[in-house]
>>> print(open('target-v4.txt').read())   # compact mmCIF, C-alpha atoms and all ligand atoms
# COMPACT_ATOMS: atom_id res chain seq x y z
CA MET A 1 47.19 69.11 -16.77
CA SER A 2 46.17 68.12 -20.29
CA PRO A 3 49.04 67.23 -22.66
CA PHE A 4 47.02 68.66 -25.57
CA GLY A 5 47.96 72.30 -24.82
CA ALA A 6 46.46 74.78 -27.31
CA LEU A 7 44.10 72.06 -28.61
CA VAL A 8 42.13 71.58 -25.38
CA GLY A 9 38.44 72.18 -26.10
CA ARG A 10 38.97 72.02 -29.89
CA THR A 11 37.09 69.60 -32.08
CA VAL A 12 39.44 67.97 -34.57
CA THR A 13 38.76 65.49 -37.38
CA THR A 14 40.39 62.14 -38.06
CA GLY A 15 40.88 60.64 -41.49
CA HIS A 16 43.12 58.43 -43.57
CA GLY A 17 44.47 57.76 -47.04
CA THR A 18 44.99 54.00 -47.56
CA GLN A 19 45.14 53.77 -43.76
CA ASN A 20 47.94 56.32 -43.34
CA ASP A 21 45.98 58.21 -40.69
CA PHE A 22 45.92 61.83 -39.62
CA VAL A 23 44.34 64.25 -37.19
CA LEU A 24 43.16 67.42 -38.97
CA VAL A 25 43.04 70.66 -37.00
CA ALA A 26 41.24 73.67 -38.48
CA ASP A 27 43.04 76.93 -37.76
CA PRO A 28 41.38 79.50 -40.07
CA GLN A 29 42.83 82.46 -38.09
CA ASP A 30 46.36 80.95 -38.04
CA GLU A 31 46.49 81.37 -34.28
CA LEU A 32 47.46 77.95 -32.95
CA GLU A 33 50.97 77.33 -31.59
CA LEU A 34 51.43 73.59 -31.92
CA THR A 35 54.59 72.47 -30.17
CA PRO A 36 56.15 69.08 -31.06
CA ASP A 37 55.08 67.83 -27.59
CA VAL A 38 51.42 68.65 -28.23
CA VAL A 39 51.52 67.03 -31.69
CA ALA A 40 53.16 63.90 -30.25
CA ALA A 41 50.57 63.76 -27.43
CA VAL A 42 47.62 63.97 -29.88
CA CYS A 43 49.18 61.33 -32.18
CA ASP A 44 49.94 58.96 -29.27
CA ARG A 45 47.96 55.73 -29.91
CA HIS A 46 47.54 54.91 -26.22
CA ALA A 47 47.20 58.27 -24.45
CA GLY A 48 46.00 60.49 -27.32
CA ILE A 49 43.73 60.23 -30.35
CA GLY A 50 46.37 58.25 -32.23
CA ALA A 51 47.61 59.00 -35.76
CA ASP A 52 50.62 58.81 -38.08
CA GLY A 53 50.61 62.59 -38.37
CA LEU A 54 48.79 65.84 -37.66
CA ILE A 55 47.68 68.34 -40.30
CA ARG A 56 46.89 71.94 -39.37
CA VAL A 57 44.53 73.51 -41.91
CA VAL A 58 45.59 77.14 -42.21
CA PRO A 59 45.35 79.93 -44.81
CA ASP A 60 48.50 80.26 -46.97
CA GLU A 61 50.43 83.51 -46.51
CA GLY A 62 49.61 86.22 -49.04
CA VAL A 63 47.73 83.94 -51.45
CA GLU A 64 44.17 82.74 -51.65
CA ARG A 65 44.62 79.07 -50.91
CA TRP A 66 44.82 76.69 -47.97
CA PHE A 67 48.14 75.51 -46.58
CA MET A 68 48.81 71.98 -45.31
CA ASP A 69 50.93 72.31 -42.17
CA TYR A 70 51.94 68.64 -41.84
CA ARG A 71 53.72 67.17 -38.79
CA ASN A 72 54.90 63.62 -38.18
CA ALA A 73 53.60 61.69 -35.15
CA ASP A 74 56.76 62.55 -33.18
CA GLY A 75 56.11 66.27 -33.75
CA SER A 76 58.78 66.77 -36.43
CA ASP A 77 58.12 68.62 -39.71
CA ALA A 78 58.34 66.98 -43.11
CA GLU A 79 58.65 68.49 -46.58
CA MET A 80 55.65 66.64 -47.97
CA CYS A 81 52.98 64.04 -47.26
CA GLY A 82 51.34 62.45 -50.30
CA ASN A 83 48.49 60.70 -48.49
CA GLY A 84 48.06 63.76 -46.29
CA VAL A 85 47.48 66.03 -49.32
CA ARG A 86 44.54 63.90 -50.46
CA VAL A 87 43.00 63.76 -46.98
CA PHE A 88 43.58 67.52 -46.59
CA VAL A 89 41.72 68.34 -49.83
CA HIS A 90 38.95 65.86 -48.95
CA TYR A 91 38.57 67.68 -45.60
CA LEU A 92 38.44 71.12 -47.32
CA ARG A 93 35.81 69.80 -49.73
CA THR A 94 33.71 67.95 -47.14
CA THR A 95 33.63 70.84 -44.69
CA GLY A 96 32.77 73.37 -47.44
CA LEU A 97 36.01 75.33 -47.10
CA ILE A 98 36.41 74.90 -50.87
CA ASP A 99 33.97 74.15 -53.66
CA LEU A 100 35.45 71.30 -55.70
CA PRO A 101 33.05 69.69 -58.17
CA ASP A 102 33.84 66.36 -59.84
CA GLY A 103 36.78 66.81 -62.27
CA ALA A 104 37.88 70.18 -60.83
CA THR A 105 41.38 71.06 -59.64
CA VAL A 106 42.45 73.06 -56.59
CA GLU A 107 45.88 74.37 -55.68
CA ILE A 108 47.06 74.00 -52.10
CA GLY A 109 50.18 75.24 -50.32
CA THR A 110 52.71 72.81 -48.79
CA ARG A 111 56.24 73.16 -47.37
CA SER A 112 57.47 72.01 -50.81
CA GLY A 113 55.49 74.65 -52.69
CA PRO A 114 52.04 74.63 -54.29
CA ARG A 115 50.48 71.36 -55.41
CA ALA A 116 47.54 70.89 -57.80
CA VAL A 117 44.94 68.30 -56.75
CA THR A 118 42.14 67.03 -59.02
CA VAL A 119 39.09 65.13 -57.78
CA THR A 120 37.27 62.31 -59.59
CA ASP A 121 34.07 61.07 -57.99
CA THR A 122 33.53 57.30 -58.32
CA ASP A 123 30.94 54.87 -56.93
CA ALA A 124 33.50 53.82 -54.33
CA GLY A 125 34.09 57.44 -53.21
CA PRO A 126 36.27 60.27 -54.46
CA LEU A 127 39.75 59.72 -55.84
CA TYR A 128 42.27 62.55 -55.63
CA THR A 129 45.13 62.96 -58.09
CA VAL A 130 47.99 65.00 -56.70
CA ASP A 131 50.68 66.51 -58.90
CA MET A 132 53.53 65.66 -56.55
CA GLY A 133 55.97 67.75 -58.57
CA GLU A 134 59.56 67.06 -59.38
CA TRP A 135 61.58 64.27 -57.78
CA SER A 136 65.35 64.25 -57.46
CA LEU A 137 68.23 61.90 -56.85
CA PRO A 138 70.51 62.85 -53.96
CA GLY A 139 73.01 60.28 -55.28
CA GLY A 140 73.03 61.86 -58.78
CA GLU A 141 71.68 60.61 -62.11
CA ARG A 142 74.09 57.65 -62.14
CA ALA A 143 72.20 56.12 -59.23
CA LEU A 144 69.20 55.64 -61.51
CA THR A 145 71.16 53.65 -64.11
CA GLU A 146 73.07 51.68 -61.50
CA GLY A 147 69.87 51.08 -59.51
CA PHE A 148 71.35 51.82 -56.08
CA ASP A 149 73.49 54.33 -54.19
CA VAL A 150 73.32 53.21 -50.56
CA ILE A 151 73.78 50.01 -48.56
CA VAL A 152 71.14 49.20 -45.94
CA GLU A 153 71.21 46.56 -43.20
CA ILE A 154 67.67 45.56 -42.27
CA PRO A 155 67.07 43.29 -39.26
CA GLY A 156 65.22 40.10 -40.16
CA LEU A 157 66.93 39.93 -43.56
CA ASP A 158 70.18 38.11 -44.23
CA GLY A 159 73.02 40.42 -45.27
CA PRO A 160 73.16 44.02 -46.40
CA ARG A 161 70.91 45.22 -49.25
CA ALA A 162 71.34 47.80 -52.00
CA GLY A 163 69.04 50.82 -51.81
CA LEU A 164 68.16 53.70 -54.12
CA ARG A 165 67.67 57.17 -52.61
CA ILE A 166 64.92 59.32 -54.13
CA ASP A 167 63.61 62.65 -52.81
CA VAL A 168 59.90 63.34 -53.45
CA PRO A 169 61.05 65.87 -52.17
CA ASN A 170 61.15 64.29 -48.68
CA PRO A 171 63.88 61.65 -48.44
CA HIS A 172 63.24 58.00 -49.31
CA THR A 173 65.44 54.93 -49.62
CA VAL A 174 63.97 52.07 -51.65
CA VAL A 175 65.25 48.50 -51.27
CA ALA A 176 64.14 45.71 -53.64
CA LEU A 177 63.26 42.35 -52.09
CA PRO A 178 63.00 39.03 -53.96
CA ASP A 179 59.79 37.51 -52.53
CA ASP A 180 56.82 37.82 -50.16
CA ALA A 181 58.68 35.94 -47.40
CA ALA A 182 61.51 38.50 -47.30
CA LEU A 183 59.01 41.37 -47.40
CA ASP A 184 57.05 39.87 -44.50
CA GLU A 185 60.08 38.91 -42.42
CA ALA A 186 61.87 42.27 -42.50
CA VAL A 187 61.80 44.08 -39.16
CA LEU A 188 60.93 47.76 -39.50
CA GLU A 189 61.77 49.60 -36.30
CA LEU A 190 62.58 53.29 -36.11
CA ALA A 191 65.04 53.27 -33.22
CA GLY A 192 67.02 50.94 -30.96
CA PRO A 193 69.23 47.98 -31.79
CA ARG A 194 66.83 46.73 -34.49
CA ALA A 195 66.70 49.98 -36.46
CA PRO A 196 68.02 49.80 -40.06
CA ARG A 197 71.60 50.95 -40.65
CA TYR A 198 72.63 52.94 -43.72
CA GLN A 199 75.99 53.40 -45.44
CA PRO A 200 76.25 56.37 -46.01
CA ALA A 201 74.05 57.51 -43.11
CA PRO A 202 71.27 59.87 -44.30
CA GLU A 203 71.95 63.38 -42.97
CA SER A 204 68.32 64.38 -42.43
CA GLY A 205 66.97 60.89 -41.88
CA THR A 206 65.06 58.88 -44.46
CA ASN A 207 61.82 57.00 -45.01
CA LEU A 208 62.59 53.38 -45.92
CA GLU A 209 60.53 51.43 -48.46
CA LEU A 210 60.84 47.70 -49.09
CA ALA A 211 59.61 46.95 -52.59
CA LEU A 212 58.60 43.69 -54.24
CA PRO A 213 58.01 44.17 -58.00
CA LEU A 214 55.24 41.80 -59.17
CA GLY A 215 55.29 42.21 -62.96
CA GLU A 216 52.76 43.96 -65.17
CA GLN A 217 49.01 43.94 -65.89
CA ALA A 218 46.73 45.61 -68.44
CA ASP A 219 46.05 49.21 -67.46
CA PRO A 220 42.32 49.53 -66.60
CA GLY A 221 42.70 53.33 -66.79
CA ALA A 222 43.84 53.35 -70.46
CA SER A 223 42.64 51.67 -73.66
CA SER A 224 46.14 50.35 -74.27
CA GLY A 225 49.27 50.06 -72.20
CA THR A 226 50.42 48.27 -69.12
CA LEU A 227 50.60 49.04 -65.46
CA GLY A 228 53.55 47.89 -63.36
CA VAL A 229 52.58 46.25 -60.09
CA VAL A 230 54.63 46.46 -56.91
CA ARG A 231 53.99 45.58 -53.29
CA MET A 232 55.65 47.55 -50.51
CA ARG A 233 56.14 48.09 -46.78
CA VAL A 234 57.31 51.37 -45.31
CA LEU A 235 59.15 52.65 -42.24
CA GLU A 236 58.34 56.35 -41.96
CA ARG A 237 60.79 58.88 -40.60
CA GLY A 238 59.29 60.45 -37.47
CA VAL A 239 56.53 57.83 -37.22
CA GLY A 240 57.52 54.14 -37.44
CA GLU A 241 56.04 51.44 -39.68
CA THR A 242 52.81 52.73 -41.25
CA ARG A 243 50.19 51.11 -43.47
CA SER A 244 50.93 53.48 -46.36
CA CYS A 245 53.06 56.45 -47.41
CA GLY A 246 52.09 58.45 -50.50
CA THR A 247 55.49 59.94 -51.22
CA GLY A 248 56.90 56.47 -50.51
CA THR A 249 54.67 54.91 -53.18
CA CYS A 250 56.02 57.48 -55.67
CA ALA A 251 59.61 56.63 -54.69
CA VAL A 252 58.85 52.89 -55.05
CA ALA A 253 57.29 53.36 -58.52
CA LEU A 254 60.30 55.43 -59.63
CA ALA A 255 62.75 52.83 -58.29
CA ALA A 256 60.81 49.89 -59.78
CA ARG A 257 60.76 51.62 -63.17
CA ALA A 258 64.52 52.24 -62.96
CA TRP A 259 65.18 48.60 -62.03
CA GLY A 260 62.88 47.42 -64.85
CA GLY A 261 65.00 49.01 -67.60
CA SER A 262 63.97 50.97 -70.70
CA GLU A 263 60.82 48.89 -71.34
CA ALA A 264 59.40 49.35 -67.85
CA PRO A 265 56.00 51.08 -67.65
CA ASP A 266 55.51 54.69 -66.54
CA SER A 267 52.34 53.88 -64.59
CA TRP A 268 52.29 51.75 -61.45
CA ARG A 269 49.79 50.12 -59.15
CA VAL A 270 51.41 50.24 -55.71
CA ILE A 271 49.99 47.85 -53.13
CA VAL A 272 50.52 48.87 -49.50
CA PRO A 273 49.27 47.14 -46.33
CA GLY A 274 46.42 49.71 -46.15
CA GLY A 275 45.18 49.50 -49.75
CA GLU A 276 46.56 50.62 -53.10
CA VAL A 277 47.30 53.76 -55.11
CA ARG A 278 48.28 54.59 -58.67
CA VAL A 279 51.48 56.43 -59.58
CA ASP A 280 52.04 57.96 -63.04
CA ILE A 281 55.54 59.11 -63.94
CA GLU A 282 56.06 61.82 -66.56
CA ASP A 283 59.56 62.69 -67.70
CA LYS A 284 59.49 63.05 -71.46
CA PRO A 285 62.51 65.00 -72.81
CA GLY A 286 62.00 68.76 -72.56
CA LEU A 287 59.19 68.39 -69.99
CA LEU A 288 59.37 68.85 -66.28
CA ARG A 289 59.94 65.54 -64.52
CA ARG A 290 56.94 64.97 -62.36
CA VAL A 291 54.99 62.25 -60.67
CA LEU A 292 51.22 62.02 -60.14
CA LEU A 293 49.69 60.15 -57.21
CA THR A 294 46.05 58.98 -57.30
CA GLY A 295 44.24 57.45 -54.37
CA PRO A 296 41.32 57.64 -51.96
CA ALA A 297 40.77 59.78 -48.89
CA VAL A 298 38.37 59.16 -46.01
CA LEU A 299 37.25 61.15 -42.96
CA THR A 300 36.37 59.00 -39.96
CA ALA A 301 35.35 61.08 -36.90
CA ASP A 302 35.16 64.42 -35.14
CA VAL A 303 36.73 64.36 -31.68
CA THR A 304 36.89 67.01 -28.96
CA LEU A 305 40.10 67.12 -26.95
CA ARG A 306 39.98 67.47 -23.16
N1 LIG B 1 52.97 59.66 -44.82
C1 LIG B 1 53.51 60.58 -45.69
C2 LIG B 1 54.92 61.01 -45.50
C3 LIG B 1 55.05 61.80 -44.21
C4 LIG B 1 56.41 62.39 -44.02
C5 LIG B 1 57.47 61.39 -43.73
N2 LIG B 1 57.24 60.63 -42.55
C6 LIG B 1 58.81 62.15 -43.64
O1 LIG B 1 59.25 62.48 -42.54
O2 LIG B 1 59.37 62.42 -44.69
C7 LIG B 1 53.12 60.40 -47.14
O3 LIG B 1 52.00 59.91 -47.35
O4 LIG B 1 53.85 60.81 -48.04
>>> encode(input="target-v4.txt", output="structure tokens")
Amino acid sequence: MSPFGALVGRTVTTGHGTQNDFVLVADPQDELELTPDVVAAVCDRHAGIGADGLIRVVPDEGVERWFMDYRNADGSDAEMCGNGVRVFVHYLRTTGLIDLPDGATVEIGTRSGPRAVTVTDTDAGPLYTVDMGEWSLPGGERALTEGFDVIVEIPGLDGPRAGLRIDVPNPHTVVALPDDAALDEAVLELAGPRAPRYQPAPESGTNLELALPLGEQADPGASSGTLGVVRMRVLERGVGETRSCGTGTCAVALAARAWGGSEAPDSWRVIVPGGEVRVDIEDKPGLLRRVLLTGPAVLTADVTLR
């Protein structure tokens, strides 16, 4: 019997955002029951299509917009997926489910509430800017000034490290590393004896980002101003090590800005194994704290499940 359950006979689409890859399943009648087992079977890299997550494309309840029903590769739910949002909107646009001309904005539904996404067409393909909304600090505001609120033991690295927890609004723990060697040597395994250990242990799990701040450069997107640059690796909750994580890049930019002190830039170029994205942080007094994520999205294939 096929492990793909309700998806047998369906044609689904694959795509990625900076190589964080997804299977997109259109469900315009909101009729598909996708159990965690079916999601895990589709995302299996050896016996399925293979992906970091699955996105069901479904109408939002009671409002005229599309809803991103995101699941991790192990079948679990998550509050948000930053790369997934861009790929989701690119899918809606490419398949004609929405009309989104260059420069236009669309609102989509997510488990964390509505998100506005704006497209900019470039010679290298479209870039999508997602208003990722408000972030928060489970460890309280003091964590931001102190720069950490959790201790993490990461195999491959000598000794415990300080980490900063940031919700975007899914949970992230960001650990600063001193050089490329440490970043490359860290072992990022989800489970087993070589999984990272946290003190305190995160109640609902966490995504773990290892961040290497690399200084600043002139901002090509502005006539004046600088862009912080940071390299990262990520261990995703419910997935394993991935080549990018959009919410993770936001958490890393926020942590790097906190560690950089009052003069640190608000805009960041975040380099991940699968490419790079831009993160713009807005938190001027009196304004909503929010973070904007800009990056590419690509569709790669249509596949029919047997
Ligand atoms: N890849 C995503 C994050 C997906 C959810 C995450 N694994 C979690 O469980 O919180 C992104 O691009 O943000």
>>> residues_around(input="target-v4.txt", residues="A:Gly147", least_positions_apart="5", cutoff="10 Å", atoms="all atoms listed in the file", output="ChimeraX atom specification")
/A:142,162-165,174-176,255-261
>>> axis_aligned_box(input="target-v4.txt", around="ligand LIG 1 (chain B)", padding_each_side="3 Å", output="AutoDock Vina command-line options")
--center_x 55.7 --center_y 61.1 --center_z -45.3 --size_x 13.4 --size_y 8.8 --size_z 11.5
>>> atom_distance(input="target-v4.txt", atom1="atom CA of A:Val279", atom2="atom CA of A:Gly248")
10.6 Å
>>> closest_residue(input="target-v4.txt", among="A:Ala218, A:Val42, A:Val230, A:Cys250", to="A:Pro273", atoms="only C-alpha atoms")
A:Val230
>>> closest_residue(input="target-v4.txt", among="A:Glu31, A:Asp74, A:Asp37, A:Asp102", to="A:Gly53", atoms="all atoms listed in the file")
A:Asp74
>>> closest_atom_pairs(input="target-v4.txt", of="chain A", to="ligand LIG 1 (chain B)", cutoff="10 Å", atoms="only C-alpha atoms and all ligand atoms", output="tab-separated table")
residue	atom	partner	partner_atom	distance
A:His16	CA	B:LIG1	O3	9.8
A:Gly17	CA	B:LIG1	O3	7.8
A:Thr18	CA	B:LIG1	O3	9.2
A:Gln19	CA	B:LIG1	N1	9.9
A:Asn20	CA	B:LIG1	N1	6.2
A:Asp21	CA	B:LIG1	N1	8.2
A:Phe22	CA	B:LIG1	N1	9.0
A:Asp52	CA	B:LIG1	N1	7.2
A:Gly53	CA	B:LIG1	C3	7.4
A:Leu54	CA	B:LIG1	C3	9.9
A:Tyr70	CA	B:LIG1	C3	7.9
A:Arg71	CA	B:LIG1	C4	7.6
A:Asn72	CA	B:LIG1	N2	5.8
A:Ala73	CA	B:LIG1	N2	8.3
A:Asp74	CA	B:LIG1	N2	9.6
A:Ser76	CA	B:LIG1	O1	7.5
A:Asp77	CA	B:LIG1	O1	6.9
A:Ala78	CA	B:LIG1	O1	4.6
A:Glu79	CA	B:LIG1	O2	6.4
A:Met80	CA	B:LIG1	C4	5.9
A:Cys81	CA	B:LIG1	O4	3.4
A:Gly82	CA	B:LIG1	O4	3.8
A:Asn83	CA	B:LIG1	O3	3.8
A:Gly84	CA	B:LIG1	O3	5.6
A:Val85	CA	B:LIG1	O3	7.9
A:Arg86	CA	B:LIG1	O3	9.0
A:Val87	CA	B:LIG1	O3	9.8
A:Met132	CA	B:LIG1	O4	9.8
A:Asp167	CA	B:LIG1	O2	9.2
A:Val168	CA	B:LIG1	O4	8.5
A:Pro169	CA	B:LIG1	O2	8.4
A:Asn170	CA	B:LIG1	O2	4.8
A:Pro171	CA	B:LIG1	O2	5.9
A:His172	CA	B:LIG1	O2	7.5
A:Ser204	CA	B:LIG1	O1	9.3
A:Gly205	CA	B:LIG1	O1	7.9
A:Thr206	CA	B:LIG1	O2	6.7
A:Asn207	CA	B:LIG1	O2	6.0
A:Leu208	CA	B:LIG1	N2	9.6
A:Val234	CA	B:LIG1	N1	9.4
A:Leu235	CA	B:LIG1	N2	8.2
A:Glu236	CA	B:LIG1	N2	4.5
A:Arg237	CA	B:LIG1	O1	4.4
A:Gly238	CA	B:LIG1	O1	5.5
A:Val239	CA	B:LIG1	N2	6.1
A:Gly240	CA	B:LIG1	N2	8.3
A:Glu241	CA	B:LIG1	N2	9.7
A:Thr242	CA	B:LIG1	N1	7.8
A:Arg243	CA	B:LIG1	N1	9.1
A:Ser244	CA	B:LIG1	O3	6.6
A:Cys245	CA	B:LIG1	O3	3.6
A:Gly246	CA	B:LIG1	O3	3.5
A:Thr247	CA	B:LIG1	O4	3.7
A:Gly248	CA	B:LIG1	O4	5.9
A:Thr249	CA	B:LIG1	O4	7.9
A:Cys250	CA	B:LIG1	O4	8.6
A:Ala251	CA	B:LIG1	O4	9.7
>>> atom_distance(input="target-v4.txt", atom1="atom CA of A:Leu97", atom2="atom CA of A:Trp66")
9.0 Å
>>> residues_around(input="target-v4.txt", residues="A:Pro59", least_positions_apart="2", cutoff="9 Å", atoms="only C-alpha atoms", output="JSON list (two decimals) with C-alpha atoms, in the frame of the given file")
[["chain", "number", "residue", "atom", "x", "y", "z"],
["A", 27, "ASP", "CA", 43.04, 76.93, -37.76],
["A", 28, "PRO", "CA", 41.38, 79.50, -40.07],
["A", 29, "GLN", "CA", 42.83, 82.46, -38.09],
["A", 30, "ASP", "CA", 46.36, 80.95, -38.04],
["A", 57, "VAL", "CA", 44.53, 73.51, -41.91],
["A", 61, "GLU", "CA", 50.43, 83.51, -46.51],
["A", 62, "GLY", "CA", 49.61, 86.22, -49.04],
["A", 63, "VAL", "CA", 47.73, 83.94, -51.45],
["A", 64, "GLU", "CA", 44.17, 82.74, -51.65],
["A", 65, "ARG", "CA", 44.62, 79.07, -50.91],
["A", 66, "TRP", "CA", 44.82, 76.69, -47.97],
["A", 67, "PHE", "CA", 48.14, 75.51, -46.58],
["A", 68, "MET", "CA", 48.81, 71.98, -45.31],
["A", 109, "GLY", "CA", 50.18, 75.24, -50.32]]
>>> atom_distance(input="target-v4.txt", atom1="atom CA of A:Pro36", atom2="atom CA of A:Arg56")
12.8 Å
>>> closest_residue(input="target-v4.txt", among="A:Ile166, A:Ala301, A:Gly50, A:Ala201", to="A:Ser136", atoms="all atoms listed in the file")
A:Ile166
>>> closest_residue(input="target-v4.txt", among="A:Thr226, A:Val58, A:Pro155, A:Gly5", to="A:Ala195", atoms="only C-alpha atoms")
A:Pro155
>>> closest_residue(input="target-v4.txt", among="A:Ala6, A:Val252, A:Ala297, A:Leu227", to="A:Gly274", atoms="all atoms listed in the file")
A:Ala297
>>> residues_around(input="target-v4.txt", residues="stretch 121-130 of chain A", least_positions_apart="5", cutoff="7 Å", atoms="all atoms listed in the file", output="list in words")
Arg86, Asp102, Arg115, Ala116, Leu292, Leu293, Thr294, Gly295 and Pro296 of chain A
>>> write_last_selection(input="target-v4.txt", atoms="C-alpha atoms", output="short mmCIF file (atom, residue, chain, number, x, y, z; two decimals), in the frame of the given file")
data_model
loop_
_atom_site.label_atom_id
_atom_site.label_comp_id
_atom_site.auth_asym_id
_atom_site.auth_seq_id
_atom_site.Cartn_x
_atom_site.Cartn_y
_atom_site.Cartn_z
CA ARG A 86 44.54 63.90 -50.46
CA ASP A 102 33.84 66.36 -59.84
CA ARG A 115 50.48 71.36 -55.41
CA ALA A 116 47.54 70.89 -57.80
CA LEU A 292 51.22 62.02 -60.14
CA LEU A 293 49.69 60.15 -57.21
CA THR A 294 46.05 58.98 -57.30
CA GLY A 295 44.24 57.45 -54.37
CA PRO A 296 41.32 57.64 -51.96
#
>>> closest_residue(input="target-v4.txt", among="A:Ala191, A:Pro200, A:Ala41, A:Leu92", to="A:Val150", atoms="all atoms listed in the file")
A:Pro200
>>> build_atoms(input="target-v4.txt", residues="stretch 231-252 of chain A", atoms="N, CA and C atoms", output="compact mmCIF listing (two decimals), in the coordinates of the input")
# COMPACT_ATOMS: atom_id res chain seq x y z
N ARG A 231 54.47 45.61 -54.67
CA ARG A 231 53.99 45.58 -53.29
C ARG A 231 55.05 46.23 -52.40
N MET A 232 54.64 46.91 -51.36
CA MET A 232 55.65 47.55 -50.51
C MET A 232 55.28 47.58 -49.02
N ARG A 233 56.31 47.71 -48.18
CA ARG A 233 56.14 48.09 -46.78
C ARG A 233 56.97 49.34 -46.54
N VAL A 234 56.61 50.10 -45.52
CA VAL A 234 57.31 51.37 -45.31
C VAL A 234 57.58 51.61 -43.83
N LEU A 235 58.78 52.15 -43.57
CA LEU A 235 59.15 52.65 -42.24
C LEU A 235 59.28 54.16 -42.38
N GLU A 236 58.35 54.89 -41.77
CA GLU A 236 58.34 56.35 -41.96
C GLU A 236 59.20 57.08 -40.94
N ARG A 237 60.02 57.97 -41.45
CA ARG A 237 60.79 58.88 -40.60
C ARG A 237 59.82 59.63 -39.67
N GLY A 238 60.13 59.68 -38.40
CA GLY A 238 59.29 60.45 -37.47
C GLY A 238 58.00 59.77 -37.08
N VAL A 239 57.79 58.52 -37.52
CA VAL A 239 56.53 57.83 -37.22
C VAL A 239 56.77 56.38 -36.79
N GLY A 240 57.38 55.58 -37.66
CA GLY A 240 57.52 54.14 -37.44
C GLY A 240 56.92 53.43 -38.66
N GLU A 241 56.66 52.13 -38.53
CA GLU A 241 56.04 51.44 -39.68
C GLU A 241 54.60 51.91 -39.81
N THR A 242 54.19 52.30 -41.00
CA THR A 242 52.81 52.73 -41.25
C THR A 242 52.20 51.84 -42.32
N ARG A 243 50.90 51.98 -42.51
CA ARG A 243 50.19 51.11 -43.47
C ARG A 243 50.19 51.69 -44.89
N SER A 244 50.79 52.87 -45.04
CA SER A 244 50.93 53.48 -46.36
C SER A 244 51.74 54.74 -46.24
N CYS A 245 52.34 55.16 -47.36
CA CYS A 245 53.06 56.45 -47.41
C CYS A 245 53.00 56.91 -48.86
N GLY A 246 52.32 58.02 -49.12
CA GLY A 246 52.09 58.45 -50.50
C GLY A 246 53.37 58.80 -51.23
N THR A 247 54.22 59.61 -50.57
CA THR A 247 55.49 59.94 -51.22
C THR A 247 56.33 58.66 -51.38
N GLY A 248 56.19 57.74 -50.42
CA GLY A 248 56.90 56.47 -50.51
C GLY A 248 56.45 55.64 -51.71
N THR A 249 55.15 55.67 -52.01
CA THR A 249 54.67 54.91 -53.18
C THR A 249 55.26 55.51 -54.47
N CYS A 250 55.41 56.84 -54.48
CA CYS A 250 56.02 57.48 -55.67
C CYS A 250 57.47 57.03 -55.80
N ALA A 251 58.20 57.04 -54.67
CA ALA A 251 59.61 56.63 -54.69
C ALA A 251 59.73 55.17 -55.15
N VAL A 252 58.81 54.32 -54.68
CA VAL A 252 58.85 52.89 -55.05
C VAL A 252 58.57 52.73 -56.55
